[in-house]
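A short worksheet on the structure shown next.
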Amino acid sequence: MHRLNTSASKRIGVPAPFVILCTLLALLVPIAAGAQSTNAGVLADSTMPPIVELASFERVNGNLIVFGGGATSDDLAYFEVGAAGTSLAFSVERTTTLLDRYLALASPSAPVPRALVTEDPLGTTKIGSRTIVESVGRQHLDLPITGGGNAASWGCGADDTQANFEAQFCNQAFGGSDLVIFCDSQRWWDNIRQENRRRIQTFTAYCGGSIGGIGAVIRHSEWRNTGAGWEWVVESSLPLTHDQWLYVEWLTGSSSWKQGRHTVTQFGGGWLGTLRAATVFSN
């Protein structure tokens, strides 16, 4: 099934102020849904293990690419954050694995994260004699990446239009089976989409102010039984600032209810800006 949905999703209020538990340089501390934050930045009642950084790359254009994996699960995550005027390093079409992307970026002698090898059916063959490790540090790319995602068209100001967002982020060959695409290209303060699938991919583009470098937050959650009952468990929270876009891909071993929420930060009773979003689910 292939469904393109551009209708408005339900706009709901943002909960009480929360603390973001990651930066663009360090992935993902998940929390139990509804847990309350403390001034120290630690969320109470956190029951789920974190998704940890496996490897990261800084592109010549300044974009940051991060590969992540579940600390005690087979979850895999990939994200790229970029400034307006830049495009994705790789196509979102399902013709490559995360290992393929890593090998295309890393130097020939660089070790390979174990989780990426395990996820790829041909992983051990593809890596040859490379060493397998649990994680790899930050790597800086010397050459530009060409032939990746759609050409850059979105940006804040005059370029912040529905048409430009759709051209760069929505109108892509996502691939996969049981595909559901929500292209919410109008301006939003808070946007939520959810489906039962193995994979969720999200695009978020933000224009507006920020507090502490955070203007909007993109959260990815899974419906799980935490022992105290079924609830939405936040697996990742990633921030954006003005004139930035974020692409996230999160894959689990089996289908489950997944949710993508794109939220602008509130301050003084108002919203700091607006965002545009796309959320894609597939198996």
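Going through the structure tokens in order, the chains are called A, B, and so on, while each chain numbers its residues from 1 and the ligands are numbered from 1 in the order shown.
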
Which of region 9-235 of chain A end up as alpha helix (DSSP H) when DSSP is run on this backbone - answer as a PyMOL selection string?
chain A and resi 98-105+114-119+123-127+162-165

Would you mind exporting the chosen residues as an mmCIF file, in the first residue's frame, restricted to N, CA and C atoms?
data_model
loop_
_atom_site.group_PDB
_atom_site.id
_atom_site.type_symbol
_atom_site.label_atom_id
_atom_site.label_comp_id
_atom_site.auth_asym_id
_atom_site.auth_seq_id
_atom_site.Cartn_x
_atom_site.Cartn_y
_atom_site.Cartn_z
ATOM 1 N N LEU A 98 22.503 0.538 6.044
ATOM 2 C CA LEU A 98 23.300 1.485 6.824
ATOM 3 C C LEU A 98 24.780 1.150 6.730
ATOM 4 N N LEU A 99 25.109 -0.119 6.613
ATOM 5 C CA LEU A 99 26.514 -0.496 6.437
ATOM 6 C C LEU A 99 27.053 0.055 5.127
ATOM 7 N N ASP A 100 26.263 -0.019 4.058
ATOM 8 C CA ASP A 100 26.701 0.536 2.775
ATOM 9 C C ASP A 100 27.030 2.025 2.915
ATOM 10 N N ARG A 101 26.191 2.746 3.627
ATOM 11 C CA ARG A 101 26.430 4.179 3.815
ATOM 12 C C ARG A 101 27.711 4.415 4.606
ATOM 13 N N TYR A 102 27.878 3.627 5.659
ATOM 14 C CA TYR A 102 29.087 3.796 6.478
ATOM 15 C C TYR A 102 30.340 3.527 5.645
ATOM 16 N N LEU A 103 30.349 2.453 4.882
ATOM 17 C CA LEU A 103 31.526 2.110 4.085
ATOM 18 C C LEU A 103 31.803 3.158 3.010
ATOM 19 N N ALA A 104 30.756 3.812 2.508
ATOM 20 C CA ALA A 104 30.947 4.863 1.511
ATOM 21 C C ALA A 104 31.588 6.106 2.114
ATOM 22 N N LEU A 105 31.427 6.292 3.422
ATOM 23 C CA LEU A 105 31.964 7.479 4.088
ATOM 24 C C LEU A 105 33.325 7.242 4.731
ATOM 25 N N ARG A 114 29.966 -3.085 14.947
ATOM 26 C CA ARG A 114 29.410 -4.434 14.881
ATOM 27 C C ARG A 114 27.922 -4.433 14.496
ATOM 28 N N ALA A 115 27.142 -3.514 15.065
ATOM 29 C CA ALA A 115 25.703 -3.505 14.815
ATOM 30 C C ALA A 115 25.389 -3.303 13.337
ATOM 31 N N LEU A 116 26.189 -2.508 12.629
ATOM 32 C CA LEU A 116 25.951 -2.273 11.205
ATOM 33 C C LEU A 116 26.257 -3.523 10.384
ATOM 34 N N VAL A 117 27.279 -4.274 10.799
ATOM 35 C CA VAL A 117 27.626 -5.523 10.105
ATOM 36 C C VAL A 117 26.536 -6.564 10.325
ATOM 37 N N THR A 118 26.062 -6.655 11.557
ATOM 38 C CA THR A 118 25.041 -7.655 11.904
ATOM 39 C C THR A 118 23.744 -7.421 11.152
ATOM 40 N N GLU A 119 23.364 -6.160 10.951
ATOM 41 C CA GLU A 119 22.091 -5.834 10.309
ATOM 42 C C GLU A 119 22.086 -6.164 8.824
ATOM 43 N N GLY A 123 27.009 -8.516 5.451
ATOM 44 C CA GLY A 123 27.922 -7.650 6.183
ATOM 45 C C GLY A 123 29.349 -8.138 6.245
ATOM 46 N N THR A 124 29.573 -9.389 6.625
ATOM 47 C CA THR A 124 30.946 -9.881 6.778
ATOM 48 C C THR A 124 31.673 -9.926 5.441
ATOM 49 N N THR A 125 30.947 -10.168 4.371
ATOM 50 C CA THR A 125 31.568 -10.173 3.037
ATOM 51 C C THR A 125 31.941 -8.760 2.616
ATOM 52 N N LYS A 126 31.071 -7.794 2.876
ATOM 53 C CA LYS A 126 31.303 -6.425 2.435
ATOM 54 C C LYS A 126 32.502 -5.767 3.125
ATOM 55 N N ILE A 127 32.738 -6.103 4.392
ATOM 56 C CA ILE A 127 33.787 -5.384 5.128
ATOM 57 C C ILE A 127 35.180 -5.951 4.875
ATOM 58 N N GLN A 162 5.711 25.783 1.121
ATOM 59 C CA GLN A 162 5.285 24.400 1.012
ATOM 60 C C GLN A 162 5.923 23.722 -0.202
ATOM 61 N N ALA A 163 5.913 24.422 -1.320
ATOM 62 C CA ALA A 163 6.448 23.837 -2.551
ATOM 63 C C ALA A 163 7.916 23.478 -2.411
ATOM 64 N N ASN A 164 8.707 24.350 -1.799
ATOM 65 C CA ASN A 164 10.135 24.070 -1.637
ATOM 66 C C ASN A 164 10.375 22.909 -0.675
ATOM 67 N N PHE A 165 9.599 22.845 0.412
ATOM 68 C CA PHE A 165 9.752 21.739 1.356
ATOM 69 C C PHE A 165 9.403 20.419 0.679
#

For the interface of region 151-189 of chain A with region 202-226 of chain A (cut-off 10 Å, counting only C-alpha atoms), please tabulate each contacting residue of region 151-189 of chain A alongside its nearest pair of atoms and their separation in Å to one decimal, rows sorted by chain and increasing number, as a tab-separated table.
residue	atom	partner	partner_atom	distance
A:Trp154	CA	A:Ala205	CA	8.2
A:Gly155	CA	A:Ala205	CA	8.2
A:Cys156	CA	A:Cys207	CA	5.7
A:Gly157	CA	A:Cys207	CA	8.3
A:Asp160	CA	A:Cys207	CA	8.1
A:Phe165	CA	A:Ala205	CA	8.0
A:Gln168	CA	A:Phe203	CA	9.9
A:Phe169	CA	A:Phe203	CA	6.7
A:Cys170	CA	A:Phe203	CA	8.4
A:Ile181	CA	A:Thr202	CA	9.8
A:Phe182	CA	A:Thr202	CA	9.5
A:Cys183	CA	A:Phe203	CA	9.3
A:Asp184	CA	A:Thr204	CA	9.7
A:Ser185	CA	A:Ala205	CA	9.5
A:Arg187	CA	A:Tyr206	CA	9.4
A:Trp188	CA	A:Tyr206	CA	9.5
A:Trp189	CA	A:Ala216	CA	8.8

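The smallest atom-to-atom distance between Lys258 (chain A) and any of A:Asn283, A:Trp245, A:Thr274, A:Ala173, using only C-alpha atoms, is found for A:Asn283.
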
Requested in this report: Quote the spacing between CA of Asp74 (chain A) and CA of Asp120 (chain A) in Å to one decimal place.
Outcome: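 If I compute the distance from CA of Asp74 (chain A) to CA of Asp120 (chain A), I get 12.1 Å.
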
Q) Which residues, written as a ChimeraX atom specification, have at least one atom at most 9 Å from Tyr78 (chain A), with only C-alpha atoms counted and residues fewer than 2 positions away on the same chain left out? A) /A:65-69,76,80,98,247-251

Option closest in space to Val264 (chain A), from A:Gly148, A:Asn191, A:Gln201, A:Ala278 [counting only C-alpha atoms]: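 Under the stated criterion, the closest residue is A:Asn191.
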
Counting only C-alpha atoms, closest pick from A:Leu88, A:Ala110, A:Arg198, A:Asn63 relative to Ser255 (chain A) is A:Arg198
